[in-house]
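Structure first, then comments.
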Amino acid sequence: MELKDLIIQSKKKTPVHVYLKNKIQGMEDQIYSHVLIGEWDEMKEVLEKFHCEDYVVEADRRNSALPLLDIKNLPARIEPGALIREGAQIHQRAIIMMGAIINAGSIIGEETMIDMGAVIGAQVQIGKRCHIGANAVLAGILEPVGAQSVVIEDDVLIGANAVILEGIRIGRGAIVGAGSVVLSDVKENEVVAGVPASFVKFKDEKAAAKSEMILALRNL
């Protein structure tokens, strides 16, 4: 089933936590000792049925189509605050930093780091040993229909705040400068920068040294 069909056909959910206050003399304003967990429509019925009036409801989503990925058994390092949607693939020894967002259908290759605040859109394909810089945006595809996904080949460095538009392929070993907006394909070992990004040079030893991965960081 294609990703768009999965989202369309999924049962939309609004999970909530309902905290009911337990009346304890002298602590009336402090104690919520009963917690109900479930779908909001079902919880509303329970609250009305039992005439509950003193409660607090917490919800972090509304009519959500896909849940977050269960990360407990991933062979990767996932830092607090990363959001990874079900349907994403995270391969061995990848690192997902705080605040990164990885949408459904995307692939994160072995030993690749997704830095803080980076946004990896739906169905983006990222190869091995890449570094996607902080707050970079790799455009996903669900619509318009027929759009092609971003493909990042192995050993690529994407600088902080760079933007890669849908359908772009970044060749193996390429470097995209910080803040660049990439509108066309980048060839193997090219260094590009600017808005729009343009060719600067081919990667030399100095540039290669700057983009070298510290693979010890990938140890689990």
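Residues in the structure tokens are named by chain (A, B, ... in the order shown) and by number from 1 within that chain; ligands are numbered from 1 in the order shown.
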Next on the checklist: Would you pick out the contacts of Gly194 in chain A at 12 Å or less, using only C-alpha atoms, so that residues sharing its chain but fewer than 4 positions from it are not included, and give the list as a ChimeraX atom specification?
Outcome noted: /A:159,161-163,176-183,198-200
Restricting it to C-alpha atoms, dump the selection as a PDB file, in the first residue's frame.
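New file selection-v5.pdb:
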```pdb
ATOM      1  CA  GLY A 159      25.207  21.909   5.923  1.00  0.00           C
ATOM      2  CA  ASN A 161      19.887  25.293   7.363  1.00  0.00           C
ATOM      3  CA  ALA A 162      20.250  23.954   3.822  1.00  0.00           C
ATOM      4  CA  VAL A 163      17.086  23.202   1.846  1.00  0.00           C
ATOM      5  CA  VAL A 176      26.147  21.182   0.303  1.00  0.00           C
ATOM      6  CA  GLY A 177      27.110  24.420   2.045  1.00  0.00           C
ATOM      7  CA  ALA A 178      25.213  25.780   5.035  1.00  0.00           C
ATOM      8  CA  GLY A 179      22.139  27.806   4.147  1.00  0.00           C
ATOM      9  CA  SER A 180      22.104  26.658   0.524  1.00  0.00           C
ATOM     10  CA  VAL A 181      18.910  26.075  -1.449  1.00  0.00           C
ATOM     11  CA  VAL A 182      19.421  23.200  -3.880  1.00  0.00           C
ATOM     12  CA  LEU A 183      17.254  23.380  -7.010  1.00  0.00           C
ATOM     13  CA  SER A 198      25.835  26.388  -7.597  1.00  0.00           C
ATOM     14  CA  PHE A 199      29.081  24.518  -8.187  1.00  0.00           C
ATOM     15  CA  VAL A 200      32.056  25.738  -6.149  1.00  0.00           C
TER      16      VAL A 200
END
```
Checklist entry - So which bits of range 3-220 of chain A end up helix (DSSP H, G or I) when you DSSP the backbone, as a ChimeraX atom specification? => result /A:3-9,40-49,205-210,215-218
Checklist entry - A:Ile132, A:Leu217, A:Val124, A:Ile164: which is nearest Val151 in chain A, counting only C-alpha atoms? => result A:Val124
Item to check | Within 12 Å of range 56-59 of chain A using only C-alpha atoms, minus same-chain residues under 6 positions, as a PyMOL selection string | outcome: chain A and resi 13-21+31-40+43-44+47
Checklist entry - How would you write, as JSON, numbers by chain, the set of residues in chain A that DSSP gives as strand (DSSP E)? => result {"A": [15, 16, 17, 18, 19, 20, 21, 32, 33, 34, 35, 36, 37, 38, 39, 55, 56, 57, 58, 59, 77, 78, 83, 84, 89, 90, 95, 96, 101, 102, 107, 108, 113, 114, 119, 120, 125, 126, 131, 132, 137, 138, 151, 152, 157, 158, 163, 164, 169, 170, 175, 176, 181, 182, 190, 191, 192, 193, 198, 199, 200, 201, 202]}
Item to check | Å distance separating CA of Asp5 in chain A from CA of Ile152 in chain A, one decimal place | outcome: 25.1 Å
Item to check | Which residue of A:Asp60, A:Glu111, A:Asp70, A:Asp185 approaches Ile214 in chain A most closely, using only C-alpha atoms | outcome: A:Glu111
Next on the checklist: I'd like the neighbourhood of Gln92 in chain A as an MDAnalysis selection string, where a residue qualifies if any of its atoms comes within 6 Å (using only C-alpha atoms), though same-chain residues fewer than 4 positions away should be ignored.
Outcome noted: chainID A and resid 75:76 110
